[in-house]
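For reference, the structure is listed below as structure tokens.
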Amino acid sequence: MPELAPAYEPSKVEDRLYLEWTNRQDYRANPQSTKPGYSIVIPPPNVTGILTLGHVLNNTIQDILARRARLLGREVLWLPGTDHAGIATQTVVERTLKKEGKIRHRDDLGREEFLRQVWQWKDKHGGIIIQQLKKLGASCDWSRERFTMDPAYSACVQQVFVDLFKKKLIYRGRRMVNWCPVSRTALSDEEVIMKEQKGLLYHFRVPVAGQKDRFLTIATTRPETIPGDTAIAVNPKDPRYASLIGQFAIRPLPPELPEDQRRIPIIGDEHVDLEFGTGVLKVTPAHDPADFLIGQRHQLPSLEVIDESGLMNTHAGSALVGLDRTQARTAAAEQLKELGWLDKEEPYTNQVGYSERADVPVEPRLSEQWFLRYPSTERSRTIVSTGKLRFFPERWSKVYDHWMENLQDWCISRQLWWGHRIPVWYRGDEMRCQIESPGTDWRQDSDVLDTWFSSWLWPFATMGWPEKTPELKKFYPTTDLVTGPDIIFFWVARMIMAGFEYMGELPFRNVYFTGLIRDAKGRKLSKSLGNSPDPLDLIAKYGADGLRFGLLRIAPQGADIRYDEKQIEEGRNFANKLWNACRFRQPQGPSDPKANPANHARTPFCDFLLEKLDALEKELERLYTHYEFSQIAQALYGFVWDEFCARFIETAKADFLNPSSPTRAGTLATADFVLSRVLRLLHPYMPFITEELWLTLGLGTETIQFSGWPRSEEVRWDSAQAKQAAFCYATADAGRKLRGEFGLSGSQKLKFLLFPTPGSKPSPESLQTLAKLLQCGSVELTQTPPKAPMTPAPWGELYLPLEGLLDPAKERARLEKEITACEAARARETAKLSDPKMAAKAPPEKLEEWRRIEREATERMARLQEQLKLFTT
RNA sequence: GCGCGCUUAGCUCAGUGGUAGAGCGGCUGCCUUACACGCAGUUGGUCGGAGGUUCAAAUCCUUCAGCGCGCACCA
């Protein structure tokens, strides 16, 4: 048996073990297994992405669930893979090629050649995040790794499109969509994020046609769209303007156009808010969703003045043409000023939709797109609202329900090249929706599908759908899904609908939403802020187990996480603590995998530890059903550090150093029994160190991974003994406190005296253990209370004879302070008990408890007062 | 504007009706024969404010404030 190093060195363990596990194919899921199935599909990361702390959190949780399921004897499938991430990947490749000077625009290469370059990029960079997940210890079934652009997967996507088209749920239409002028594609509503923008509200006048000196004043944030205005709208109920409805106004821009070409109608529309601005609205049907609707209601012409790249076109007039939207805004305002139409500019803050990817304002734009009317919406909504599909934390189900209630058709076409091509073919005016080309003279739709239109099939398309595969039979529906609440609409909701539509069943039974990781200042982690640490650096520094445990311990359910590297350091420290606890056991000889403390004479401390282990196992059981991952980590941390190390090991030293001790075998058995269980309980969180210790100590000959989840029924102990141990610990705690108050260090070999509680007679062994816990020279019994500092303790009154060191004044002060505290505690209970209302209404067991506390405080006080008398004379 | 969440020790957070907790930090003392990635002790909170329910409120209700998030066609 190799000797354990003084400190745990993760780098010597992790890669070696991971290789062993994967070479042995420990994570390969067998659909033919008779064991009950457990499955998770990974939220596929962007194929060209790199690991972030968010991924670490998310995948560690999945790994915890998967590893625990294996210990529970399940057949586990954790299915990994990556996403082609249309816009993101295409943008990155295009940018790189531009930077290398190979192209100015992707048009330079043409569609086919550009796609070849993207595939090349994918082959080169696509595996990085997968390798990083392996470093983390992720126990995925790598033999089943999928990519959303795999041929089989693509076939699923096309088939679903054709099917939904046939069901008339997919349709093509010319509508107002969110247009990203940088990526030059349409976006779905979900890809637009509203941001507050500080700008100006411009007030300008327009003359009413044929009425000299009659003007309307309009407030707008977008003067650059004035050339695209095709009407002026007022509310028909507005007494100020109602009479003008039906007349015309002269649009001020572009000024070079003859006046009759700038004549636009004044219309009445309820949409106009009387209170806002001047109550007069310019209507630009081509560049504003609300105006578009007004335009439809009034059959207004649509006049486009901004092109697909966000540049002003010729309709905007000579002063603006070619300018970017934002430049055009100031230019248009300038123009209005010169023409004398501008009344004022005032600072104004409004909400503007931004493209999530390109981080520029989206331009509402009229275009021909494909839309999906969501399928299976009713079932998908009720499955969550009735709690059959559970969300953790539960409150996200409200957010989901609200979105499901207000479903808008999904714009699924993208004007990109990288993605699944839309299976629709054209010849002249004919159109066909089918996977194969109808013939050589047919031209395929040039658009691709939104990436989420492929990911929403992930839970079953990865398992061989549309075939009825053994995988689907065994592992669908999946058990748990772990993801971030930011993609609840993008992905979770849509997967539920696709699951019902194509499998007739929900895709997963539970969804756990992680929190967002923020830095110490509360900012989101991002590459541009430079506050996003590289998980691989953290693994190198603290080990994968340290990173996993440290991060999970501070990841409260449902709340954002304030990340601090200090926490990861603590994770490493904990790993080292565990390592050393085992190192303490190792020199005593090989561990016994079948150790059973029940078969041996034991010290009370063994029973105390077994009692705590039982409580821990029950607690973890409860916490796992609620997905309380950070509290599970806390509970394990506390057990290992406080119960096993601080208490048990200190008392086990007596047995370990004494080969002839009658309780030696029992203490060894307890150590092995408890370590065997605590390593297994910890394994989901810290897979590497627990495996290494398990095998090195010889707690098992096979890997820990399938060694069985500890059951609390296996733990047997004597609770009377455990109580004795608790008294001993409490006595030691009192002694330490007493010594600490005199500023005496542990290294000074002091002698304590114990004046035992009448009737009790502590054994020499227990006095020895007490001395060990107190780290003092000895504890001796005394028949007469000495004149020395004293503290009341469960076993009796503990004295610290200080010979010449004693300062009576100091001792008096100390006693008085403690008497005051006792008095306060007693008074609190007395007050409660003497309140007649309370005495009448509180439950008897509470009253009993309060009486006990009152009694104990009184007794303690009496002892302290006796002691005080000794020092007052 | 509507909805949701948060506010507890210097920091990060547990604690859903009955004596306010943990880790870190601070301070004091220790290289005590598993561990200085450690050990012992200690400091530190009128549980955001105000009302209410209750014998009893950090905990339940109402309301206010601050912060965060989601949804929303006020130009």
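By order in the structure tokens, chains are A, B, ...; within a chain, residues start at 1; ligands start at 1, following the order shown.
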
Each residue of chain B with at least one atom at most 7 Å from chain A should appear once, together with its nearest atom pair and the corresponding distance in Å (one decimal); atoms considered: only C-alpha atoms (C1' of nucleotides); ordering: chain, then increasing residue number; output as JSON lines.
{"residue": "B:G29", "atom": "C1'", "partner": "A:Ser745", "partner_atom": "CA", "distance": 5.6}
{"residue": "B:C30", "atom": "C1'", "partner": "A:Ser745", "partner_atom": "CA", "distance": 6.2}
{"residue": "B:U32", "atom": "C1'", "partner": "A:Ser747", "partner_atom": "CA", "distance": 6.0}
{"residue": "B:A34", "atom": "C1'", "partner": "A:Phe584", "partner_atom": "CA", "distance": 4.2}
{"residue": "B:C35", "atom": "C1'", "partner": "A:Asn580", "partner_atom": "CA", "distance": 5.3}
{"residue": "B:C37", "atom": "C1'", "partner": "A:Asn573", "partner_atom": "CA", "distance": 4.3}
{"residue": "B:A40", "atom": "C1'", "partner": "A:Gly746", "partner_atom": "CA", "distance": 6.7}
{"residue": "B:G41", "atom": "C1'", "partner": "A:Gly740", "partner_atom": "CA", "distance": 5.0}
{"residue": "B:C55", "atom": "C1'", "partner": "A:Met838", "partner_atom": "CA", "distance": 3.7}
{"residue": "B:C73", "atom": "C1'", "partner": "A:Ala290", "partner_atom": "CA", "distance": 4.6}
{"residue": "B:C74", "atom": "C1'", "partner": "A:Phe276", "partner_atom": "CA", "distance": 6.4}
{"residue": "B:A75", "atom": "C1'", "partner": "A:Thr220", "partner_atom": "CA", "distance": 5.7}

Dump as a short mmCIF file (atom, residue, chain, number, x, y, z; two decimals), in the first residue's frame, selection limited to C-alpha atoms (C1' of nucleotides):
data_model
loop_
_atom_site.label_atom_id
_atom_site.label_comp_id
_atom_site.auth_asym_id
_atom_site.auth_seq_id
_atom_site.Cartn_x
_atom_site.Cartn_y
_atom_site.Cartn_z
"C1'" G B 29 -1.92 32.26 21.41
"C1'" C B 30 0.23 27.79 19.23
"C1'" U B 32 0.68 19.87 20.05
"C1'" A B 34 -3.01 13.45 10.23
"C1'" C B 35 -3.16 18.30 8.30
"C1'" C B 37 -4.16 23.98 2.78
"C1'" A B 40 -7.06 26.37 20.31
"C1'" G B 41 -9.59 30.60 22.02
"C1'" C B 55 -49.19 32.95 24.25
"C1'" C B 73 -45.53 48.49 -29.28
"C1'" C B 74 -45.38 55.33 -24.52
"C1'" A B 75 -43.17 57.66 -29.77
#

Set the distance at 12 Å and use only C-alpha atoms (C1' of nucleotides): which residues neighbour U59 in chain B once local chain neighbours fewer than 6 positions away are removed? I'd like the list as a PDB file with N, CA and C atoms (P, O5', C5', C4', C3', O3' and C1' of nucleotides), in the first residue's frame.
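Written out: out.pdb:
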ATOM      1  P     U B   8     -28.718  41.624   4.930  1.00  0.00           P
ATOM      2  O5'   U B   8     -29.417  40.867   6.131  1.00  0.00           O
ATOM      3  C5'   U B   8     -29.739  41.561   7.323  1.00  0.00           C
ATOM      4  C4'   U B   8     -29.568  40.661   8.510  1.00  0.00           C
ATOM      5  C3'   U B   8     -28.166  40.088   8.689  1.00  0.00           C
ATOM      6  O3'   U B   8     -27.282  41.024   9.290  1.00  0.00           O
ATOM      7  C1'   U B   8     -29.727  38.344   8.911  1.00  0.00           C
ATOM      8  P     G B  15     -32.174  28.358   3.994  1.00  0.00           P
ATOM      9  O5'   G B  15     -32.574  28.415   5.537  1.00  0.00           O
ATOM     10  C5'   G B  15     -32.607  27.232   6.325  1.00  0.00           C
ATOM     11  C4'   G B  15     -32.646  27.597   7.789  1.00  0.00           C
ATOM     12  C3'   G B  15     -33.909  28.322   8.251  1.00  0.00           C
ATOM     13  O3'   G B  15     -34.930  27.400   8.582  1.00  0.00           O
ATOM     14  C1'   G B  15     -32.003  29.474   9.055  1.00  0.00           C
ATOM     15  P     U B  16     -36.144  27.141   7.498  1.00  0.00           P
ATOM     16  O5'   U B  16     -37.414  27.166   8.452  1.00  0.00           O
ATOM     17  C5'   U B  16     -37.735  28.321   9.216  1.00  0.00           C
ATOM     18  C4'   U B  16     -39.113  28.786   8.871  1.00  0.00           C
ATOM     19  C3'   U B  16     -40.180  27.685   8.830  1.00  0.00           C
ATOM     20  O3'   U B  16     -40.624  27.399  10.135  1.00  0.00           O
ATOM     21  C1'   U B  16     -40.415  29.120   6.956  1.00  0.00           C
ATOM     22  P     G B  17     -42.110  26.906  10.538  1.00  0.00           P
ATOM     23  O5'   G B  17     -42.479  27.993  11.637  1.00  0.00           O
ATOM     24  C5'   G B  17     -41.556  29.044  11.925  1.00  0.00           C
ATOM     25  C4'   G B  17     -41.747  29.491  13.344  1.00  0.00           C
ATOM     26  C3'   G B  17     -41.935  28.382  14.352  1.00  0.00           C
ATOM     27  O3'   G B  17     -41.033  28.495  15.433  1.00  0.00           O
ATOM     28  C1'   G B  17     -43.586  30.040  14.613  1.00  0.00           C
ATOM     29  P     G B  18     -39.545  28.289  15.332  1.00  0.00           P
ATOM     30  O5'   G B  18     -39.213  28.195  16.874  1.00  0.00           O
ATOM     31  C5'   G B  18     -38.563  29.299  17.462  1.00  0.00           C
ATOM     32  C4'   G B  18     -38.912  29.336  18.944  1.00  0.00           C
ATOM     33  C3'   G B  18     -38.238  28.222  19.707  1.00  0.00           C
ATOM     34  O3'   G B  18     -37.279  28.833  20.559  1.00  0.00           O
ATOM     35  C1'   G B  18     -40.544  28.465  20.293  1.00  0.00           C
ATOM     36  P     A B  20     -32.786  33.755  20.913  1.00  0.00           P
ATOM     37  O5'   A B  20     -31.804  32.769  20.145  1.00  0.00           O
ATOM     38  C5'   A B  20     -30.459  33.158  19.894  1.00  0.00           C
ATOM     39  C4'   A B  20     -30.268  32.910  18.437  1.00  0.00           C
ATOM     40  C3'   A B  20     -28.828  32.734  18.057  1.00  0.00           C
ATOM     41  O3'   A B  20     -28.557  31.364  18.184  1.00  0.00           O
ATOM     42  C1'   A B  20     -29.998  34.130  16.501  1.00  0.00           C
ATOM     43  P     C B  47     -33.391  42.987  14.816  1.00  0.00           P
ATOM     44  O5'   C B  47     -32.442  42.495  13.640  1.00  0.00           O
ATOM     45  C5'   C B  47     -32.516  43.048  12.327  1.00  0.00           C
ATOM     46  C4'   C B  47     -32.223  41.967  11.342  1.00  0.00           C
ATOM     47  C3'   C B  47     -33.398  41.600  10.445  1.00  0.00           C
ATOM     48  O3'   C B  47     -32.960  41.647   9.099  1.00  0.00           O
ATOM     49  C1'   C B  47     -32.494  39.659  11.487  1.00  0.00           C
TER      50        C B  47
END

Provide the CA of Thr96 in chain A to CA of Arg116 in chain A distance in Å, to one decimal place.
->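 The value is 14.3 Å.
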
Please provide as a list in words all residues within 12 Å of Thr326 in chain A, with the sequence filter that same-chain residues fewer than 5 positions apart are discarded (counting only C-alpha atoms (C1' of nucleotides)).
-> Gly199, Thr221, Arg222, Pro223, Glu224, Thr225, Ile306, Gly310, Leu311, Met312, Leu320, Ala331, Ala332, Ala333, Val360, Pro361 and Glu363 of chain A

Counting only C-alpha atoms, the residue of A:Ala69, A:Ala862, A:Met149, A:Ala793 that sits nearest Gly419 in chain A =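 Among the listed residues, the smallest separation from Gly419 in chain A belongs to A:Met149.
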
Pick from A:Asp26, A:Gly340, A:Gly777, A:Thr52: nearest to Leu525 in chain A, with only C-alpha atoms counted?
->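 Smallest separation from Leu525 in chain A among the options: A:Thr52.
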
Close residues, range 450-467 of chain A itself excluded, 7 Å, only C-alpha atoms (C1' of nucleotides), min 4 positions apart in chain, as a ChimeraX atom specification | /A:41,85-86,146,148,153,156-157,412-414,419,471-472,490-491,494-495,498,507

Find the residues around range 590-606 of chain A up to 7 Å (only C-alpha atoms (C1' of nucleotides) counted), leave out those fewer than 6 positions away in its own chain, and share them as a PyMOL selection string.
-> chain A and resi 648+651+663+665-667+669-670+672-673+697-700+716+721-722+724-725

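Considering only C-alpha atoms, the residue among A:Val208, A:Cys433, A:Leu72, A:Ile264 positioned nearest to Tyr241 in chain A is A:Val208.
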
For G21 in chain B, the closest of B:C71, B:C2, B:A57, B:A9 counting only C-alpha atoms (C1' of nucleotides) is B:A9

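Here CA of Gly81 in chain A and CA of Val160 in chain A stand 20.3 Å from one another.
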
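Interatomic distance, CA of Leu449 in chain A against CA of Trp425 in chain A: 14.7 Å.
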
Just asking: which residues within range 628-792 of chain A are helix (DSSP H, G or I) according to DSSP, as an NGL selection string?
-> :A and (629-656 or 664-682 or 687-697 or 704-706 or 712-714 or 719-741 or 764-774)

Strand (DSSP E or B) call set, DSSP backbone run, range 57-235 of chain A, as an NGL selection string | :A and (75-79 or 81-83 or 146-147 or 170-180 or 185-187 or 192-208 or 215-220 or 231-234)

Got a sec: who's within 9 Å of Ala633 in chain A, counting only C-alpha atoms (C1' of nucleotides), leaving out chain neighbours fewer than 4 positions off, as a VMD selection string?
-> chain A and resid 549 to 550 552 to 554 628 to 629 637 to 638 682 685

Just write the chosen residues, N, CA and C atoms, as a PDB file, in the first residue's frame.
ATOM      1  N   PHE A 549     -16.020  21.448  -5.317  1.00  0.00           N
ATOM      2  CA  PHE A 549     -16.580  21.556  -3.972  1.00  0.00           C
ATOM      3  C   PHE A 549     -16.677  23.018  -3.533  1.00  0.00           C
ATOM      4  N   GLY A 550     -15.639  23.777  -3.805  1.00  0.00           N
ATOM      5  CA  GLY A 550     -15.622  25.186  -3.406  1.00  0.00           C
ATOM      6  C   GLY A 550     -16.746  25.965  -4.043  1.00  0.00           C
ATOM      7  N   LEU A 552     -19.583  24.713  -5.429  1.00  0.00           N
ATOM      8  CA  LEU A 552     -20.906  24.199  -5.051  1.00  0.00           C
ATOM      9  C   LEU A 552     -21.298  24.621  -3.641  1.00  0.00           C
ATOM     10  N   ARG A 553     -20.290  24.760  -2.789  1.00  0.00           N
ATOM     11  CA  ARG A 553     -20.603  25.096  -1.405  1.00  0.00           C
ATOM     12  C   ARG A 553     -21.202  26.501  -1.290  1.00  0.00           C
ATOM     13  N   ILE A 554     -20.891  27.370  -2.268  1.00  0.00           N
ATOM     14  CA  ILE A 554     -21.415  28.739  -2.186  1.00  0.00           C
ATOM     15  C   ILE A 554     -22.508  28.974  -3.213  1.00  0.00           C
ATOM     16  N   GLU A 628     -30.780  20.647  -2.938  1.00  0.00           N
ATOM     17  CA  GLU A 628     -30.102  21.688  -2.156  1.00  0.00           C
ATOM     18  C   GLU A 628     -28.604  21.406  -2.153  1.00  0.00           C
ATOM     19  N   PHE A 629     -27.974  21.684  -3.300  1.00  0.00           N
ATOM     20  CA  PHE A 629     -26.583  21.249  -3.458  1.00  0.00           C
ATOM     21  C   PHE A 629     -25.601  21.933  -2.516  1.00  0.00           C
ATOM     22  N   TYR A 637     -19.081  18.998   4.711  1.00  0.00           N
ATOM     23  CA  TYR A 637     -17.941  19.755   5.220  1.00  0.00           C
ATOM     24  C   TYR A 637     -17.938  19.714   6.750  1.00  0.00           C
ATOM     25  N   GLY A 638     -19.086  20.008   7.322  1.00  0.00           N
ATOM     26  CA  GLY A 638     -19.188  20.032   8.777  1.00  0.00           C
ATOM     27  C   GLY A 638     -18.919  18.666   9.392  1.00  0.00           C
ATOM     28  N   LEU A 682     -19.275  11.635  -0.366  1.00  0.00           N
ATOM     29  CA  LEU A 682     -18.558  12.763  -0.961  1.00  0.00           C
ATOM     30  C   LEU A 682     -18.244  12.551  -2.435  1.00  0.00           C
ATOM     31  N   TYR A 685     -19.432  14.831  -5.281  1.00  0.00           N
ATOM     32  CA  TYR A 685     -18.862  16.183  -5.290  1.00  0.00           C
ATOM     33  C   TYR A 685     -17.374  16.159  -5.623  1.00  0.00           C
TER      34      TYR A 685
END

Residue neighbourhood Asp163 in chain A, 12 Å, only C-alpha atoms (C1' of nucleotides), exclusion window fewer than 4 positions, as a PyMOL selection string | chain A and resi 156-159+167-171+372+375+423+433-435+498+501-502

Selected residue, from B:C61, B:U54, B:A72, B:G66, that lies nearest to C6 in chain B when counting only C-alpha atoms (C1' of nucleotides) |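 Among B:C61, B:U54, B:A72, B:G66, it is B:G66 that comes nearest to C6 in chain B.
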